[in-house]
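Raw contents of start_30.txt, compact mmCIF, C-alpha atoms:
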# COMPACT_ATOMS: atom_id res chain seq x y z
CA MET A 1 -177.80 18.03 -44.56
CA SER A 2 -178.61 16.62 -47.94
CA CYS A 3 -178.04 18.45 -51.19
CA SER A 4 -180.76 20.54 -52.74
CA THR A 5 -183.13 19.27 -55.38
CA TRP A 6 -182.29 22.20 -57.64
CA SER A 7 -182.41 21.16 -61.28
CA THR A 8 -179.28 21.91 -63.28
CA SER A 9 -181.30 21.97 -66.48
CA SER A 10 -182.57 25.48 -65.76
CA PRO A 11 -180.55 28.38 -64.37
CA LEU A 12 -183.65 29.88 -62.76
CA ASN A 13 -185.14 26.94 -60.91
CA PHE A 14 -184.73 28.38 -57.44
CA LYS A 15 -187.30 29.51 -54.92
CA SER A 16 -187.99 32.59 -52.88
CA HIS A 17 -187.70 32.19 -49.10
CA SER A 18 -190.43 32.66 -46.56
CA HIS A 19 -189.83 32.38 -42.83
CA SER A 20 -191.16 28.84 -42.58
CA SER A 21 -188.64 26.03 -42.36
CA SER A 22 -190.36 24.11 -45.16
CA CYS A 23 -189.61 26.95 -47.57
CA ARG A 24 -186.02 27.12 -46.42
CA SER A 25 -185.10 23.58 -47.44
CA LYS A 26 -182.45 24.78 -49.93
CA ARG A 27 -184.61 23.88 -52.96
CA ILE A 28 -182.65 26.41 -54.91
CA LEU A 29 -179.11 26.47 -56.11
CA LEU A 30 -176.74 24.72 -53.80
CA CYS A 31 -176.19 22.69 -50.65
CA ASN A 32 -176.32 23.76 -47.06
CA PRO A 33 -173.14 25.75 -46.39
CA ARG A 34 -172.81 24.03 -43.00
CA ALA A 35 -172.03 20.80 -44.84
CA SER A 36 -168.46 21.90 -45.44
CA SER A 37 -166.13 24.48 -43.94
CA VAL A 38 -163.56 24.35 -46.72
CA ILE A 39 -162.82 27.72 -48.29
CA THR A 40 -162.30 27.10 -51.96
CA ASP A 41 -161.46 30.54 -53.35
CA LYS A 42 -158.99 32.84 -51.69
CA ALA A 43 -160.32 36.35 -51.27
CA PRO A 44 -158.04 39.40 -51.60
CA SER A 45 -158.05 39.80 -47.83
CA SER A 46 -158.00 37.19 -45.09
CA ASP A 47 -160.80 39.18 -43.45
CA LEU A 48 -163.24 38.33 -46.22
CA PRO A 49 -165.66 35.43 -45.73
CA ARG A 50 -165.62 32.48 -48.09
CA LEU A 51 -166.78 32.49 -51.69
CA ILE A 52 -169.33 29.71 -52.03
CA LEU A 53 -170.02 29.02 -55.70
CA HIS A 54 -167.55 26.28 -56.65
CA GLU A 55 -167.64 24.48 -53.32
CA SER A 56 -171.41 24.34 -53.34
CA LEU A 57 -171.67 23.13 -56.92
CA ASP A 58 -169.20 20.37 -56.10
CA ALA A 59 -171.36 19.35 -53.14
CA ALA A 60 -174.36 19.22 -55.49
CA GLY A 61 -172.49 16.78 -57.73
CA ILE A 62 -171.57 19.28 -60.44
CA ASN A 63 -167.97 19.04 -61.65
CA THR A 64 -166.23 22.40 -61.31
CA GLN A 65 -162.73 21.33 -62.34
CA HIS A 66 -162.58 23.61 -65.39
CA ALA A 67 -164.34 26.48 -63.64
CA ARG A 68 -161.89 26.28 -60.75
CA ALA A 69 -158.89 26.20 -63.09
CA ALA A 70 -160.15 29.29 -64.92
CA ARG A 71 -160.78 31.10 -61.62
CA GLU A 72 -157.30 30.24 -60.33
CA ASP A 73 -155.69 31.64 -63.48
CA PHE A 74 -157.94 34.71 -63.25
CA CYS A 75 -156.68 35.36 -59.71
CA SER A 76 -153.09 34.90 -60.86
CA GLN A 77 -153.55 37.48 -63.62
CA ILE A 78 -155.29 40.16 -61.52
CA GLY A 79 -152.57 39.66 -58.92
CA ARG A 80 -150.27 41.36 -61.42
CA LEU A 81 -152.26 44.58 -61.25
CA THR A 82 -150.42 47.17 -59.19
CA GLU A 83 -151.84 50.53 -58.19
CA ILE A 84 -149.94 52.10 -61.07
CA ASN A 85 -150.60 49.70 -63.94
CA ALA A 86 -154.22 49.14 -62.87
CA GLU A 87 -154.82 52.82 -63.67
CA SER A 88 -152.83 52.82 -66.91
CA SER A 89 -154.61 52.98 -70.24
CA ILE A 90 -155.59 49.79 -72.03
CA ALA A 91 -153.60 51.16 -74.98
CA ILE A 92 -150.51 50.57 -72.83
CA SER A 93 -151.78 47.35 -71.20
CA ARG A 94 -149.23 46.69 -68.48
CA GLY A 95 -149.48 44.16 -65.69
CA ALA A 96 -152.29 41.69 -66.29
CA ASP A 97 -152.82 40.21 -69.75
CA LEU A 98 -156.25 41.77 -70.34
CA ALA A 99 -157.23 39.52 -73.23
CA LYS A 100 -156.31 36.44 -71.24
CA VAL A 101 -158.28 37.66 -68.22
CA ALA A 102 -161.34 38.24 -70.42
CA LEU A 103 -160.99 34.75 -71.89
CA LEU A 104 -160.60 33.21 -68.43
CA ILE A 105 -163.85 34.91 -67.41
CA ALA A 106 -165.46 33.38 -70.49
CA ALA A 107 -163.92 29.98 -69.75
CA GLU A 108 -165.34 29.87 -66.22
CA ASP A 109 -168.78 30.99 -67.36
CA ASP A 110 -168.74 28.48 -70.23
CA SER A 111 -168.02 25.70 -67.76
CA LEU A 112 -170.76 26.86 -65.38
CA ALA A 113 -173.35 27.11 -68.16
CA SER A 114 -172.51 24.04 -70.24
CA HIS A 115 -170.93 21.60 -67.74
CA SER A 116 -168.79 20.52 -70.69
CA SER A 117 -166.04 17.98 -70.13
CA VAL A 118 -163.85 20.04 -72.47
CA PRO A 119 -162.65 23.46 -71.26
CA LEU A 120 -162.78 26.56 -73.43
CA SER A 121 -159.43 26.82 -75.23
CA VAL A 122 -158.03 30.13 -74.01
CA SER A 123 -154.77 29.67 -75.95
CA SER A 124 -156.61 29.19 -79.24
CA PHE A 125 -158.36 32.52 -78.93
CA ILE A 126 -155.10 34.22 -77.92
CA ASP A 127 -153.68 32.85 -81.19
CA ASN A 128 -156.76 34.22 -82.96
CA LEU A 129 -155.93 37.69 -81.65
CA ASP A 130 -152.30 37.35 -82.77
CA ASP A 131 -153.46 36.30 -86.24
CA LEU A 132 -155.79 39.31 -86.35
CA SER A 133 -152.85 41.62 -85.64
CA MET A 134 -150.60 39.99 -88.21
CA GLY A 135 -153.38 40.14 -90.77
CA PHE A 136 -153.28 43.92 -90.53
CA CYS A 137 -149.55 43.90 -91.17
CA SER A 138 -149.95 41.90 -94.37
CA THR A 139 -152.84 43.89 -95.82
CA TYR A 140 -153.30 47.37 -94.34
CA LEU A 141 -149.99 48.39 -92.77
CA PRO A 142 -148.99 51.79 -94.24
CA ARG A 143 -145.45 52.83 -95.05
CA SER A 144 -143.27 53.59 -92.04
CA SER A 145 -143.27 57.33 -92.80
CA ALA A 146 -147.07 57.56 -92.74
CA PRO A 147 -148.50 59.91 -90.07
CA PRO A 148 -150.43 58.46 -87.10
CA GLU A 149 -153.77 59.48 -88.63
CA ILE A 150 -153.12 57.30 -91.68
CA PHE A 151 -151.91 54.40 -89.55
CA LEU A 152 -154.96 54.46 -87.28
CA GLY A 153 -157.36 55.07 -90.16
CA ASN A 154 -156.01 51.96 -91.89
CA LEU A 155 -156.31 49.97 -88.69
CA GLU A 156 -159.95 50.95 -88.25
CA ARG A 157 -160.79 50.15 -91.87
CA TYR A 158 -159.16 46.78 -91.34
CA LEU A 159 -161.09 46.02 -88.14
CA TYR A 160 -164.48 47.56 -88.86
CA VAL A 161 -164.75 47.20 -92.64
CA HIS A 162 -162.44 44.42 -93.85
CA LYS A 163 -162.97 42.18 -90.81
CA GLY A 164 -166.48 43.43 -90.12
CA PHE A 165 -166.32 43.94 -86.35
CA HIS A 166 -169.42 45.80 -85.19
CA ARG A 167 -171.28 46.69 -82.02
CA MET A 168 -174.05 44.50 -80.71
CA ASP A 169 -176.48 45.51 -77.98
CA SER A 170 -175.79 43.12 -75.11
CA ALA A 171 -179.47 43.36 -74.18
CA LEU A 172 -180.19 41.40 -77.35
CA ASP A 173 -177.43 38.82 -77.13
CA ALA A 174 -175.33 38.07 -74.04
CA ARG A 175 -172.66 36.47 -76.24
CA SER A 176 -171.56 39.98 -77.16
CA LEU A 177 -170.20 40.28 -73.60
CA TYR A 178 -167.58 37.55 -74.10
CA LEU A 179 -164.30 37.92 -75.98
CA HIS A 180 -164.24 34.48 -77.60
CA THR A 181 -167.70 34.85 -79.15
CA THR A 182 -166.92 38.40 -80.27
CA LEU A 183 -163.83 37.13 -82.08
CA THR A 184 -165.86 34.35 -83.68
CA SER A 185 -168.95 36.32 -84.73
CA ARG A 186 -167.24 39.74 -85.22
CA SER A 187 -170.13 41.12 -83.16
CA GLY A 188 -169.53 42.40 -79.65
CA SER A 189 -170.19 44.95 -76.96
CA LEU A 190 -168.39 48.27 -76.88
CA ILE A 191 -166.06 47.03 -74.15
CA MET A 192 -165.12 43.91 -76.15
CA LEU A 193 -164.38 45.93 -79.28
CA SER A 194 -162.21 48.27 -77.20
CA LEU A 195 -160.31 45.31 -75.79
CA ILE A 196 -159.70 43.88 -79.28
CA TYR A 197 -158.50 47.28 -80.51
CA SER A 198 -156.09 47.56 -77.57
CA GLU A 199 -154.76 44.03 -78.10
CA VAL A 200 -154.03 44.72 -81.76
CA LEU A 201 -152.20 47.92 -80.78
CA LYS A 202 -150.21 45.98 -78.20
CA MET A 203 -149.11 43.35 -80.72
CA LEU A 204 -148.19 46.02 -83.29
CA ARG A 205 -146.13 47.83 -80.67
CA ILE A 206 -144.36 44.61 -79.61
CA SER A 207 -143.66 43.79 -83.28
CA GLY A 208 -142.13 47.23 -83.86
CA PHE A 209 -144.78 48.52 -86.27
CA LEU A 210 -146.27 51.12 -83.92
CA ASN A 211 -143.81 53.95 -83.29
CA PHE A 212 -146.00 56.68 -81.80
CA ASP A 213 -147.98 57.09 -78.55
CA ALA A 214 -151.42 55.79 -79.53
CA GLU A 215 -154.45 56.17 -77.28
CA ILE A 216 -157.97 54.73 -77.58
CA TYR A 217 -161.08 56.89 -77.41
CA PHE A 218 -163.80 54.97 -75.56
CA PRO A 219 -167.14 56.52 -76.59
CA ASP A 220 -170.08 57.02 -74.26
CA ILE A 221 -172.41 54.04 -74.03
CA LEU A 222 -175.29 55.98 -75.57
CA GLN A 223 -173.19 56.96 -78.56
CA LYS A 224 -173.38 54.66 -81.56
CA SER A 225 -169.73 55.16 -82.47
CA LEU A 226 -166.93 52.63 -82.26
CA PRO A 227 -163.64 52.74 -80.34
CA ARG A 228 -161.16 54.92 -82.23
CA GLY A 229 -157.45 55.56 -81.91
CA TYR A 230 -155.67 58.89 -81.85
CA ASP A 231 -152.18 60.29 -81.41
CA LYS A 232 -151.84 61.20 -77.76
CA LYS A 233 -149.55 64.13 -78.60
CA LYS A 234 -152.49 65.77 -80.38
CA SER A 235 -155.11 64.96 -77.75
CA LYS A 236 -157.35 67.43 -75.95
CA ILE A 237 -158.04 67.59 -72.21
CA SER A 238 -161.61 66.44 -72.89
CA ASP A 239 -160.26 63.20 -74.38
CA GLU A 240 -158.94 62.10 -70.98
CA THR A 241 -162.45 61.29 -69.73
CA HIS A 242 -162.76 58.74 -72.54
CA ILE A 243 -159.62 56.76 -71.65
CA MET A 244 -160.30 53.23 -70.38
CA THR A 245 -157.85 51.91 -67.78
CA SER A 246 -156.90 48.27 -67.25
CA LYS A 247 -158.84 47.87 -64.02
CA SER A 248 -161.87 49.83 -65.21
CA LEU A 249 -162.05 47.61 -68.30
CA LEU A 250 -162.09 44.43 -66.19
CA VAL A 251 -164.64 45.92 -63.81
CA LYS A 252 -166.82 46.93 -66.75
CA ILE A 253 -166.64 43.43 -68.27
CA LEU A 254 -167.75 41.84 -65.00
CA LYS A 255 -170.45 44.41 -64.22
CA ASP A 256 -171.91 43.95 -67.69
CA LEU A 257 -172.11 40.20 -67.06
CA LYS A 258 -173.54 40.70 -63.59
CA ASP A 259 -176.22 43.01 -65.00
CA ALA A 260 -177.08 40.66 -67.89
CA PHE A 261 -177.40 37.56 -65.72
CA TRP A 262 -178.92 39.16 -62.61
CA PRO A 263 -181.80 36.74 -61.89
CA PHE A 264 -184.43 39.29 -60.93
CA LEU A 265 -186.95 41.20 -62.99
CA TYR A 266 -185.45 44.01 -65.03
CA ASP A 267 -186.35 47.49 -63.87
CA PRO A 268 -184.34 50.42 -65.29
CA SER A 269 -185.57 52.69 -62.48
CA SER A 270 -184.17 50.45 -59.73
CA SER A 271 -180.77 49.07 -58.75
CA LEU A 272 -179.77 45.42 -58.94
CA PHE A 273 -179.74 45.23 -55.16
CA LEU A 274 -183.25 46.64 -54.72
CA ARG A 275 -184.59 44.32 -57.40
CA ALA A 276 -183.12 41.36 -55.52
CA VAL A 277 -184.45 42.50 -52.15
CA HIS A 278 -187.93 42.76 -53.65
CA GLY A 279 -187.37 39.21 -54.86
CA LYS A 280 -189.14 39.25 -58.23
CA TYR A 281 -187.40 36.60 -60.26
CA ALA A 282 -186.75 37.03 -63.95
CA GLN A 283 -188.21 34.65 -66.47
CA HIS A 284 -185.77 32.96 -68.83
CA THR A 285 -187.37 34.25 -72.02
CA GLY A 286 -184.27 34.47 -74.17
CA SER A 287 -184.71 38.19 -74.65
CA PHE A 288 -183.40 41.39 -73.07
CA LYS A 289 -182.25 40.21 -69.65
CA PHE A 290 -181.28 36.61 -69.27
CA GLY A 291 -181.12 35.58 -65.62
CA ASP A 292 -178.58 32.99 -64.50
CA MET A 293 -177.82 32.59 -60.79
CA HIS A 294 -174.55 30.72 -61.39
CA ARG A 295 -173.08 33.37 -63.64
CA ALA A 296 -174.42 36.23 -61.50
CA LEU A 297 -172.67 34.71 -58.47
CA ALA A 298 -169.49 34.17 -60.48
CA ALA A 299 -169.47 37.81 -61.62
CA CYS A 300 -169.97 39.02 -58.04
CA GLU A 301 -167.21 36.81 -56.69
CA ARG A 302 -164.72 37.98 -59.32
CA LEU A 303 -165.61 41.62 -58.66
CA ILE A 304 -164.92 41.02 -54.97
CA LEU A 305 -161.60 39.40 -55.82
CA LEU A 306 -160.80 42.39 -58.02
CA ASN A 307 -161.64 44.68 -55.07
CA ALA A 308 -163.85 46.68 -57.40
CA ASP A 309 -166.38 48.36 -55.10
CA LYS A 310 -167.64 47.75 -51.58
CA LYS A 311 -171.18 47.56 -52.97
CA GLU A 312 -170.23 44.22 -54.49
CA LEU A 313 -170.15 42.80 -50.94
CA ARG A 314 -173.77 43.88 -50.46
CA ASP A 315 -174.93 42.59 -53.85
CA TYR A 316 -173.23 39.25 -53.27
CA ALA A 317 -174.89 39.06 -49.87
CA VAL A 318 -178.40 39.38 -51.30
CA LEU A 319 -177.70 36.54 -53.74
CA LEU A 320 -176.49 34.42 -50.83
CA TYR A 321 -179.75 35.19 -49.04
CA HIS A 322 -181.79 33.92 -51.97
CA CYS A 323 -179.63 30.79 -52.09
CA GLY A 324 -180.20 30.02 -48.41
CA TYR A 325 -176.70 30.94 -47.22
CA TYR A 326 -177.87 33.05 -44.33
CA GLU A 327 -174.76 33.01 -42.17
CA ASP A 328 -172.56 33.96 -45.12
CA CYS A 329 -175.08 36.62 -46.09
CA ILE A 330 -174.85 38.23 -42.65
CA LYS A 331 -171.04 38.22 -42.79
CA TYR A 332 -170.98 40.04 -46.13
CA LEU A 333 -173.68 42.52 -45.07
CA THR A 334 -171.75 43.27 -41.89
CA LEU A 335 -168.52 43.72 -43.83
CA PHE A 336 -170.29 46.06 -46.23
CA GLU A 337 -171.67 48.16 -43.37
CA GLU A 338 -168.22 48.40 -41.80
CA GLN A 339 -166.83 49.84 -45.03
CA GLU A 340 -169.81 52.03 -45.91
CA THR A 341 -168.94 55.61 -44.95
CA GLU A 342 -170.70 57.66 -47.62
CA ASN A 343 -173.53 59.96 -46.61
CA GLN A 344 -175.31 60.61 -49.88
CA THR A 345 -178.66 62.24 -50.52
CA ASN A 346 -179.30 60.19 -53.64
CA PRO A 347 -182.83 58.72 -53.33
CA ILE A 348 -181.78 55.31 -54.66
CA LYS A 349 -178.92 55.27 -52.14
CA ARG A 350 -181.35 55.97 -49.29
CA LEU A 351 -183.62 53.16 -50.43
CA GLU A 352 -180.65 50.80 -50.64
CA ASP A 353 -179.47 51.68 -47.14
CA GLU A 354 -182.92 51.00 -45.76
CA ALA A 355 -183.11 47.73 -47.71
CA VAL A 356 -179.80 46.60 -46.19
CA LYS A 357 -181.26 47.06 -42.70
CA ILE A 358 -184.44 45.21 -43.64
CA LEU A 359 -182.51 42.34 -45.21
CA LYS A 360 -180.20 42.03 -42.24
CA THR A 361 -183.16 41.96 -39.82
CA ARG A 362 -184.90 39.36 -41.96
CA VAL A 363 -181.84 37.09 -42.05
CA ASN A 364 -181.21 37.42 -38.32
CA LEU A 365 -184.82 36.38 -37.64
CA ILE A 366 -184.38 33.34 -39.90
CA LEU A 367 -181.16 32.36 -38.11
CA ALA A 368 -182.80 32.86 -34.72
CA GLN A 369 -185.75 30.68 -35.75
CA ASP A 370 -183.39 28.01 -37.06
CA GLY A 371 -181.48 28.10 -33.78
CA TRP A 372 -184.69 27.78 -31.77
CA SER A 373 -185.89 24.88 -33.97
CA ASN A 374 -182.55 23.09 -33.57
CA SER A 375 -182.64 23.50 -29.77
CA GLN A 376 -186.18 22.13 -29.64
CA SER A 377 -185.30 19.10 -31.78
CA SER A 378 -182.29 18.27 -29.61
Encoded form using structure tokens:
Amino acid sequence: MSCSTWSTSSPLNFKSHSHSSSCRSKRILLCNPRASSVITDKAPSSDLPRLILHESLDAAGINTQHARAAREDFCSQIGRLTEINAESSIAISRGADLAKVALLIAAEDDSLASHSSVPLSVSSFIDNLDDLSMGFCSTYLPRSSAPPEIFLGNLERYLYVHKGFHRMDSALDARSLYLHTTLTSRSGSLIMLSLIYSEVLKMLRISGFLNFDAEIYFPDILQKSLPRGYDKKKSKISDETHIMTSKSLLVKILKDLKDAFWPFLYDPSSSLFLRAVHGKYAQHTGSFKFGDMHRALAACERLILLNADKKELRDYAVLLYHCGYYEDCIKYLTLFEEQETENQTNPIKRLEDEAVKILKTRVNLILAQDGWSNSQSS
């Protein structure tokens, strides 16, 4: 099977599928998955089907060397997350190097979007974070006898006033969802600002300047406030709901990217999955939601590797359907159904369950028609 005629100049130049063979000619994103049986990315369980993005881009003639390298390092880092440290606060930051993981996510996406021959320099931005921490020590570090409130107040004046870090609505600029661009522009999403705050605390603790148990208050999304630190000894029970853990931070980073680049029309009243099943593709207008099949697939694959939520199997499956990977789609839908045990009365959940059945029936009919066509041609 020849490669698709999908144009790499536009992230949205892919087609919806009808049940006719002419409309299923892979004029979308990638090549026919039957062209190769090599599994390029190891899933967290041997029971999981393959992840198709890098292999398929390679088959389409797109160099994925840097994207693969970033993904491999990403897998190495999340492999350090144990059940205990995955649920520890980002103020403690044990196990995976959270800043490095965020930069590896950015490095893979940068390679997918730009096809640059030069990879994003993860080490340079790690150095940038170290310099940010040391800058506090040379300008705003209070005397060693200062109470925690003074220490944290100085830190926040340093970050939010002196350095000018501020929140940016990711709906207006997707760059706010990446750590490297947040460090460069001083403008980022709430999750990125929380990560930067935690990394500065980590460096100050390692350097011996932080001698109390600091915690980070992660505000609600609808609040306009910024991440703030507090002395855990003086915390209230209500503060515990605003603590961000290592795994929840990584899941939030990836879900934000998945939502921003989901290549189907934005509808706040519907879920990503339902929007994809209805098949109304987003227009790349440069505003609000951006639409990029490559980066949506990459976010889904990394969420699966992170073992974030069984719904990621379903959402990945619907993207595979739109890319013409019907056999892989069925495998992920089946795996999702095997793990789906909840019996919720939520109306969106009921619609999603029905949509899974419809999608699975649709794909099975396509595969049956393909099988009949192949038997007739032979």
Extract, using all atoms listed in the file, all DNA, RNA and protein residues at most 12 Å from Val118 (chain A), discarding same-chain residues fewer than 4 positions from it, and format them as an NGL selection string.
:A and (63-67 or 107-108 or 110-111 or 114 or 122)
One decimal place gives the CA of Glu199 (chain A)-CA of Ile90 (chain A) separation as 8.4 Å
So which residues are close to (-158.8, 58.4, -79.0), meaning at most 8 Å away in the file's coordinates with all atoms listed in the file counted, and can you show them as a tab-separated table (two decimals) with C-alpha atoms, in the coordinates of the input?
chain	number	residue	atom	x	y	z
A	214	ALA	CA	-151.42	55.79	-79.53
A	215	GLU	CA	-154.45	56.17	-77.28
A	216	ILE	CA	-157.97	54.73	-77.58
A	217	TYR	CA	-161.08	56.89	-77.41
A	218	PHE	CA	-163.80	54.97	-75.56
A	227	PRO	CA	-163.64	52.74	-80.34
A	228	ARG	CA	-161.16	54.92	-82.23
A	229	GLY	CA	-157.45	55.56	-81.91
A	230	TYR	CA	-155.67	58.89	-81.85
A	231	ASP	CA	-152.18	60.29	-81.41
A	232	LYS	CA	-151.84	61.20	-77.76
A	235	SER	CA	-155.11	64.96	-77.75
A	239	ASP	CA	-160.26	63.20	-74.38
A	242	HIS	CA	-162.76	58.74	-72.54
A	243	ILE	CA	-159.62	56.76	-71.65
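Using all atoms listed in the file, the smallest distance between any of A:Tyr332, A:Tyr160, A:Phe74, A:Tyr178 and Leu319 (chain A) comes from A:Tyr332.
Here the question is which of A:Lys252, A:Arg314, A:Lys224, A:Arg80 gets nearest to Arg94 (chain A) using all atoms listed in the file, and that residue is A:Arg80.
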Need the shell around region 149-156 of chain A: protein/DNA/RNA residues with any atom at most 12 Å away, counting only C-alpha atoms. Skip same-chain ones fewer than 3 positions apart. Format as a PyMOL selection string? chain A and resi 132-146+159-166+193-194+196-198+200-201+204+209-217+226-234
A straight line from CA of Ala299 (chain A) to CA of His54 (chain A) spans 12.7 Å
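Across A:Arg362, A:Arg350, A:Lys247, A:His115, the tightest approach to Gln77 (chain A) is made by A:Lys247 when counting all atoms listed in the file.
As for CA of Phe336 (chain A) and CA of Leu359 (chain A), they are spaced 12.8 Å apart.
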One residue among A:Asp127, A:Leu195, A:Asn307, A:Glu337 is nearest to Thr245 (chain A) when using all atoms listed in the file, and that residue is A:Leu195
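Distances here use all atoms listed in the file; by that measure, the residue among A:Ser89, A:Pro148, A:Glu338, A:Tyr321 closest to Thr241 (chain A) is A:Ser89.
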Centre and edges of the region 83-102 of chain A box, axis-aligned, 5 Å extra per side, as AutoDock Vina command-line options:
--center_x -155.3 --center_y 44.7 --center_z -66.6 --size_x 22.1 --size_y 26.5 --size_z 26.8
One residue among A:Asp256, A:Ala96, A:Gly208, A:Tyr325 is nearest to Asp169 (chain A) when using all atoms listed in the file, and that residue is A:Asp256
Could you add whatever atoms are missing so that region 70-77 of chain A carries all heavy atoms, then write the result as a tab-separated table (two decimals), in the frame of the given file?
chain	number	residue	atom	x	y	z
A	70	ALA	N	-160.03	27.96	-64.33
A	70	ALA	CA	-160.15	29.29	-64.92
A	70	ALA	C	-160.10	30.36	-63.84
A	70	ALA	O	-159.46	31.41	-64.01
A	70	ALA	CB	-161.43	29.39	-65.73
A	71	ARG	N	-160.78	30.13	-62.72
A	71	ARG	CA	-160.78	31.10	-61.62
A	71	ARG	C	-159.37	31.26	-61.03
A	71	ARG	O	-158.95	32.38	-60.71
A	71	ARG	CB	-161.77	30.68	-60.53
A	71	ARG	CG	-161.82	31.58	-59.30
A	71	ARG	CD	-162.51	32.91	-59.58
A	71	ARG	NE	-163.92	32.71	-59.84
A	71	ARG	CZ	-164.86	32.64	-58.88
A	71	ARG	NH1	-164.52	32.78	-57.61
A	71	ARG	NH2	-166.14	32.48	-59.21
A	72	GLU	N	-158.66	30.17	-60.87
A	72	GLU	CA	-157.30	30.24	-60.33
A	72	GLU	C	-156.40	31.08	-61.24
A	72	GLU	O	-155.63	31.92	-60.76
A	72	GLU	CB	-156.73	28.83	-60.17
A	72	GLU	CG	-155.35	28.80	-59.53
A	72	GLU	CD	-154.83	27.40	-59.32
A	72	GLU	OE1	-155.63	26.44	-59.41
A	72	GLU	OE2	-153.62	27.25	-59.06
A	73	ASP	N	-156.49	30.86	-62.55
A	73	ASP	CA	-155.69	31.64	-63.48
A	73	ASP	C	-156.13	33.10	-63.50
A	73	ASP	O	-155.30	34.01	-63.66
A	73	ASP	CB	-155.78	31.05	-64.89
A	73	ASP	CG	-155.03	29.73	-65.01
A	73	ASP	OD1	-154.23	29.42	-64.12
A	73	ASP	OD2	-155.26	29.01	-66.00
A	74	PHE	N	-157.42	33.34	-63.34
A	74	PHE	CA	-157.94	34.71	-63.25
A	74	PHE	C	-157.30	35.42	-62.06
A	74	PHE	O	-156.82	36.56	-62.18
A	74	PHE	CB	-159.46	34.67	-63.10
A	74	PHE	CG	-160.10	35.98	-62.72
A	74	PHE	CD1	-160.43	36.90	-63.69
A	74	PHE	CD2	-160.38	36.28	-61.39
A	74	PHE	CE1	-161.03	38.12	-63.34
A	74	PHE	CE2	-160.97	37.48	-61.03
A	74	PHE	CZ	-161.29	38.41	-62.02
A	75	CYS	N	-157.28	34.76	-60.91
A	75	CYS	CA	-156.68	35.36	-59.71
A	75	CYS	C	-155.20	35.63	-59.91
A	75	CYS	O	-154.66	36.65	-59.44
A	75	CYS	CB	-156.90	34.45	-58.50
A	75	CYS	SG	-158.62	34.33	-57.96
A	76	SER	N	-154.52	34.72	-60.59
A	76	SER	CA	-153.09	34.90	-60.86
A	76	SER	C	-152.85	36.14	-61.72
A	76	SER	O	-151.93	36.92	-61.47
A	76	SER	CB	-152.54	33.65	-61.55
A	76	SER	OG	-151.18	33.83	-61.90
A	77	GLN	N	-153.71	36.33	-62.72
A	77	GLN	CA	-153.55	37.48	-63.62
A	77	GLN	C	-153.85	38.80	-62.90
A	77	GLN	O	-153.07	39.75	-63.01
A	77	GLN	CB	-154.47	37.32	-64.83
A	77	GLN	CG	-153.97	36.35	-65.88
A	77	GLN	CD	-152.73	36.85	-66.59
A	77	GLN	OE1	-152.54	38.04	-66.79
A	77	GLN	NE2	-151.86	35.92	-66.95
